[in-house]
Amino acid sequence: MTLYATPDHARETPPCIILIGGPTCSGKTTLARAIATALPTGACSIITLDSYYRDLEHVPFEARATHNFDHPDSIDWELVTKHAEILARGEPVDAPEYDFASHGRRARAVTVVPAPIIMIEGLLALHDRNLRVLADLRIFMHVDDATCLARRILRDTEERGRTEASIAAQYAATVRPMAERFILPTRVYADLDLNGAVQLGTLVDYVMEWLPQPPER
């Protein structure tokens, strides 16, 4: 399948905006990266909602460490939506970069360039109505609760320097309750409801069938 393989096609056709939401460690980031890899070079840009956590540098570190990052109020929705709209117009944006060790935004930004396919992935990607109405395809990823926790422990111990005990405690205190309250209900907005335990290649092939073809010459 060839999707928007040339710059001419990219200029002529409005971008396809894809939202990928779902519980922690259900496979959202992995799927987004795999789809981007399957597409032609330059055909896809990815925004992660994790980059748009509100800056907590003004909050004492002890309070930052216990902040509820799974609540919708933790996301700067206005900035996310603004950046999505700018990318849709064919202009680049400087996305913030979040430091999970200090729970604050880094001084440097990450430039995200416009592309024919724009993917926005994160826990609450399907939560905000203003973002949903911009999307052409909404995907919800899910796996069973035990798998979510096991994957999160593995990720956060290896990538974020946390202890297994602290991860399990946070999962029980906020991650799972917030998923039940705010994330799982967004499943009703999904065009595609995907099981994150299914083989990655199978999921990618399925999503690719939903992506637009380049315009006829």
# chains A, B, ... in the order shown; residues from 1 in each chain; ligands from 1
call {"tool": "residues_around", "arguments": {"residues": "Asp50 (chain A)", "least_positions_apart": "4", "cutoff": "9 Å", "atoms": "only C-alpha atoms", "output": "list in words"}}
result
Ile75, Glu97, Tyr98, Glu121, Gly122 and Leu123 of chain A
call {"tool": "select_by_dssp", "arguments": {"residues": "region 87-171 of chain A", "states": "helix (DSSP H, G or I)", "output": "VMD selection string"}}
result
chain A and resid 87 to 88 129 to 132 145 to 159 164 to 171
call {"tool": "residues_around", "arguments": {"residues": "Leu31 (chain A)", "least_positions_apart": "6", "cutoff": "9 Å", "atoms": "only C-alpha atoms", "output": "JSON, numbers by chain"}}
result
{"A": [20, 196, 200, 203, 204]}
call {"tool": "residues_around", "arguments": {"residues": "region 104-106 of chain A", "least_positions_apart": "6", "cutoff": "9 Å", "atoms": "only C-alpha atoms", "output": "list in words"}}
result
Ser51, Tyr52, Tyr53, Arg54, Asp55, Leu56, Glu57, His58, Arg64, Pro96, Glu97 and Tyr98 of chain A
call {"tool": "write_last_selection", "arguments": {"atoms": "all heavy atoms", "output": "compact mmCIF listing (two decimals), in the first residue's frame"}}
result
# COMPACT_ATOMS: atom_id res chain seq x y z
N SER A 51 4.14 14.47 26.56
CA SER A 51 4.94 15.69 26.44
C SER A 51 4.16 16.92 26.90
O SER A 51 4.76 17.97 27.16
CB SER A 51 5.38 15.89 24.99
OG SER A 51 6.21 14.83 24.56
N TYR A 52 2.86 16.79 27.00
CA TYR A 52 2.00 17.94 27.29
C TYR A 52 1.47 17.95 28.72
O TYR A 52 0.49 18.63 29.01
CB TYR A 52 0.85 18.00 26.28
CG TYR A 52 1.33 18.37 24.90
CD1 TYR A 52 1.87 17.40 24.05
CD2 TYR A 52 1.28 19.68 24.44
CE1 TYR A 52 2.33 17.72 22.79
CE2 TYR A 52 1.74 20.02 23.18
CZ TYR A 52 2.27 19.03 22.36
OH TYR A 52 2.74 19.37 21.11
N TYR A 53 2.12 17.18 29.61
CA TYR A 53 1.78 17.33 31.02
C TYR A 53 2.07 18.76 31.45
O TYR A 53 3.05 19.38 31.01
CB TYR A 53 2.61 16.38 31.89
CG TYR A 53 2.13 14.96 31.89
CD1 TYR A 53 3.00 13.91 31.59
CD2 TYR A 53 0.82 14.64 32.21
CE1 TYR A 53 2.57 12.60 31.59
CE2 TYR A 53 0.37 13.33 32.22
CZ TYR A 53 1.26 12.31 31.90
OH TYR A 53 0.83 11.02 31.90
N ARG A 54 1.22 19.31 32.29
CA ARG A 54 1.44 20.67 32.78
C ARG A 54 2.73 20.72 33.60
O ARG A 54 3.05 19.79 34.35
CB ARG A 54 0.25 21.13 33.63
CG ARG A 54 -1.05 21.19 32.84
CD ARG A 54 -2.17 21.81 33.63
NE ARG A 54 -3.44 21.70 32.90
CZ ARG A 54 -3.83 22.52 31.93
NH1 ARG A 54 -3.03 23.54 31.58
NH2 ARG A 54 -4.99 22.35 31.31
N ASP A 55 3.47 21.80 33.42
CA ASP A 55 4.76 21.95 34.09
C ASP A 55 4.56 22.08 35.60
O ASP A 55 3.76 22.90 36.07
CB ASP A 55 5.47 23.19 33.54
CG ASP A 55 6.94 23.22 33.91
OD1 ASP A 55 7.40 22.27 34.57
OD2 ASP A 55 7.61 24.19 33.53
N LEU A 56 5.29 21.28 36.37
CA LEU A 56 5.17 21.30 37.83
C LEU A 56 6.41 21.84 38.51
O LEU A 56 6.64 21.60 39.71
CB LEU A 56 4.87 19.88 38.35
CG LEU A 56 3.57 19.23 37.88
CD1 LEU A 56 3.46 17.83 38.44
CD2 LEU A 56 2.37 20.07 38.27
N GLU A 57 7.25 22.57 37.77
CA GLU A 57 8.49 23.08 38.34
C GLU A 57 8.24 23.99 39.55
O GLU A 57 9.10 24.13 40.43
CB GLU A 57 9.28 23.85 37.27
CG GLU A 57 9.94 22.95 36.23
CD GLU A 57 11.08 22.13 36.80
OE1 GLU A 57 11.53 22.42 37.92
OE2 GLU A 57 11.53 21.18 36.12
N HIS A 58 7.07 24.62 39.60
CA HIS A 58 6.76 25.53 40.71
C HIS A 58 6.29 24.78 41.96
O HIS A 58 6.13 25.39 43.02
CB HIS A 58 5.65 26.51 40.27
CG HIS A 58 4.36 25.83 39.91
ND1 HIS A 58 4.21 25.10 38.76
CD2 HIS A 58 3.18 25.76 40.59
CE1 HIS A 58 2.98 24.61 38.71
NE2 HIS A 58 2.33 24.99 39.81
N ARG A 64 5.30 16.88 43.63
CA ARG A 64 5.29 16.47 42.22
C ARG A 64 5.25 14.95 42.10
O ARG A 64 4.57 14.40 41.24
CB ARG A 64 6.55 16.96 41.50
CG ARG A 64 6.65 18.43 41.27
CD ARG A 64 7.89 18.73 40.47
NE ARG A 64 8.67 19.81 41.07
CZ ARG A 64 9.93 20.05 40.81
NH1 ARG A 64 10.60 19.28 39.98
NH2 ARG A 64 10.56 21.05 41.39
N PRO A 96 6.65 20.56 23.65
CA PRO A 96 7.43 20.50 24.90
C PRO A 96 8.01 19.10 25.10
O PRO A 96 7.54 18.12 24.52
CB PRO A 96 6.40 20.84 25.98
CG PRO A 96 5.08 20.49 25.38
CD PRO A 96 5.22 20.75 23.91
N GLU A 97 9.04 19.04 25.91
CA GLU A 97 9.63 17.74 26.27
C GLU A 97 9.56 17.60 27.78
O GLU A 97 10.05 18.46 28.52
CB GLU A 97 11.08 17.64 25.79
CG GLU A 97 11.70 16.28 26.02
CD GLU A 97 13.08 16.15 25.41
OE1 GLU A 97 13.63 17.16 24.96
OE2 GLU A 97 13.61 15.02 25.41
N TYR A 98 8.95 16.52 28.25
CA TYR A 98 8.72 16.34 29.68
C TYR A 98 9.79 15.44 30.29
O TYR A 98 10.16 14.41 29.71
CB TYR A 98 7.33 15.74 29.92
CG TYR A 98 6.79 16.03 31.28
CD1 TYR A 98 6.22 17.26 31.58
CD2 TYR A 98 6.86 15.08 32.29
CE1 TYR A 98 5.73 17.54 32.84
CE2 TYR A 98 6.36 15.34 33.56
CZ TYR A 98 5.80 16.57 33.83
OH TYR A 98 5.32 16.84 35.09
call {"tool": "residues_around", "arguments": {"residues": "Arg151 (chain A)", "least_positions_apart": "6", "cutoff": "9 Å", "atoms": "only C-alpha atoms", "output": "MDAnalysis selection string"}}
result
chainID A and resid 24:26
call {"tool": "write_last_selection", "arguments": {"atoms": "all heavy atoms", "output": "CSV table (one decimal), in the first residue's frame"}}
result
chain,number,residue,atom,x,y,z
A,24,THR,N,-2.8,2.6,30.5
A,24,THR,CA,-1.3,2.6,30.5
A,24,THR,C,-0.8,1.2,30.0
A,24,THR,O,-1.3,0.2,30.2
A,24,THR,CB,-0.8,2.8,32.0
A,24,THR,OG1,0.6,2.8,32.0
A,24,THR,CG2,-1.3,1.6,32.9
A,25,CYS,N,0.3,1.3,29.2
A,25,CYS,CA,1.0,0.2,28.7
A,25,CYS,C,0.1,-0.8,27.9
A,25,CYS,O,0.4,-2.0,27.9
A,25,CYS,CB,1.7,-0.6,29.8
A,25,CYS,SG,3.1,0.4,30.5
A,26,SER,N,-0.9,-0.3,27.2
A,26,SER,CA,-1.7,-1.1,26.4
A,26,SER,C,-1.2,-1.3,25.0
A,26,SER,O,-1.7,-2.0,24.2
A,26,SER,CB,-3.2,-0.5,26.3
A,26,SER,OG,-3.1,0.8,25.9
call {"tool": "closest_residue", "arguments": {"among": "A:Leu137, A:Arg33, A:Ala43, A:Ala101", "to": "Asp156 (chain A)", "atoms": "only C-alpha atoms"}}
result
A:Ala101
call {"tool": "residues_around", "arguments": {"residues": "Arg181 (chain A)", "least_positions_apart": "4", "cutoff": "12 Å", "atoms": "only C-alpha atoms", "output": "PyMOL selection string"}}
result
chain A and resi 23+70-72+124+127+174-177+185-187
call {"tool": "select_by_dssp", "arguments": {"residues": "chain A", "states": "strand (DSSP E)", "output": "NGL selection string"}}
result
:A and (16-21 or 44-48 or 93-99 or 104-112 or 117-121 or 137-142 or 192-195)
call {"tool": "residues_around", "arguments": {"residues": "Ile167 (chain A)", "least_positions_apart": "3", "cutoff": "9 Å", "atoms": "only C-alpha atoms", "output": "ChimeraX atom specification"}}
result
/A:149,152-153,156-157,162-164,170-172
call {"tool": "write_last_selection", "arguments": {"atoms": "N, CA, C and O atoms", "output": "mmCIF file, in the first residue's frame"}}
result
data_model
loop_
_atom_site.group_PDB
_atom_site.id
_atom_site.type_symbol
_atom_site.label_atom_id
_atom_site.label_comp_id
_atom_site.auth_asym_id
_atom_site.auth_seq_id
_atom_site.Cartn_x
_atom_site.Cartn_y
_atom_site.Cartn_z
ATOM 1 N N LEU A 149 -0.231 -3.703 34.324
ATOM 2 C CA LEU A 149 0.644 -3.494 35.474
ATOM 3 C C LEU A 149 2.026 -4.093 35.239
ATOM 4 O O LEU A 149 3.049 -3.452 35.531
ATOM 5 N N ARG A 152 3.950 -1.938 32.877
ATOM 6 C CA ARG A 152 4.317 -0.651 33.480
ATOM 7 C C ARG A 152 5.491 -0.815 34.431
ATOM 8 O O ARG A 152 6.388 0.023 34.472
ATOM 9 N N ILE A 153 5.493 -1.878 35.207
ATOM 10 C CA ILE A 153 6.614 -2.135 36.119
ATOM 11 C C ILE A 153 7.902 -2.296 35.327
ATOM 12 O O ILE A 153 8.945 -1.723 35.667
ATOM 13 N N ASP A 156 8.860 1.289 33.744
ATOM 14 C CA ASP A 156 9.262 2.351 34.662
ATOM 15 C C ASP A 156 10.514 2.017 35.466
ATOM 16 O O ASP A 156 11.243 2.920 35.887
ATOM 17 N N THR A 157 10.769 0.736 35.696
ATOM 18 C CA THR A 157 12.018 0.376 36.374
ATOM 19 C C THR A 157 13.200 0.537 35.437
ATOM 20 O O THR A 157 14.273 0.995 35.839
ATOM 21 N N ARG A 162 12.471 3.954 38.547
ATOM 22 C CA ARG A 162 11.586 3.838 39.700
ATOM 23 C C ARG A 162 11.663 2.442 40.299
ATOM 24 O O ARG A 162 12.129 1.499 39.663
ATOM 25 N N THR A 163 11.184 2.298 41.525
ATOM 26 C CA THR A 163 11.156 0.999 42.177
ATOM 27 C C THR A 163 9.834 0.304 41.881
ATOM 28 O O THR A 163 8.812 0.956 41.634
ATOM 29 N N GLU A 164 9.856 -1.018 41.936
ATOM 30 C CA GLU A 164 8.636 -1.780 41.682
ATOM 31 C C GLU A 164 7.557 -1.444 42.710
ATOM 32 O O GLU A 164 6.376 -1.339 42.366
ATOM 33 N N GLN A 170 1.483 3.449 43.078
ATOM 34 C CA GLN A 170 0.859 4.469 42.240
ATOM 35 C C GLN A 170 -0.241 3.871 41.374
ATOM 36 O O GLN A 170 -1.291 4.484 41.165
ATOM 37 N N TYR A 171 0.001 2.665 40.892
ATOM 38 C CA TYR A 171 -0.988 1.996 40.049
ATOM 39 C C TYR A 171 -2.291 1.796 40.813
ATOM 40 O O TYR A 171 -3.380 2.058 40.300
ATOM 41 N N ALA A 172 -2.168 1.341 42.056
ATOM 42 C CA ALA A 172 -3.362 1.087 42.867
ATOM 43 C C ALA A 172 -4.045 2.379 43.302
ATOM 44 O O ALA A 172 -5.277 2.458 43.349
#
call {"tool": "closest_residue", "arguments": {"among": "A:Leu184, A:Asp99, A:Glu91, A:Ile139", "to": "Val207 (chain A)", "atoms": "only C-alpha atoms"}}
result
A:Ile139
call {"tool": "closest_residue", "arguments": {"among": "A:Ile35, A:Cys16, A:Phe182, A:Asp144", "to": "Thr202 (chain A)", "atoms": "only C-alpha atoms"}}
result
A:Ile35
call {"tool": "atom_distance", "arguments": {"atom1": "CA of Phe69 (chain A)", "atom2": "CA of Ala190 (chain A)"}}
result
22.5 Å
call {"tool": "closest_residue", "arguments": {"among": "A:Ile46, A:Ala169, A:Val143, A:His83", "to": "Thr29 (chain A)", "atoms": "only C-alpha atoms"}}
result
A:Ile46
call {"tool": "atom_distance", "arguments": {"atom1": "CA of Thr111 (chain A)", "atom2": "CA of Gly22 (chain A)"}}
result
25.3 Å
call {"tool": "closest_residue", "arguments": {"among": "A:Ile117, A:Val110, A:Ala32, A:Val59", "to": "Ile17 (chain A)", "atoms": "only C-alpha atoms"}}
result
A:Ile117
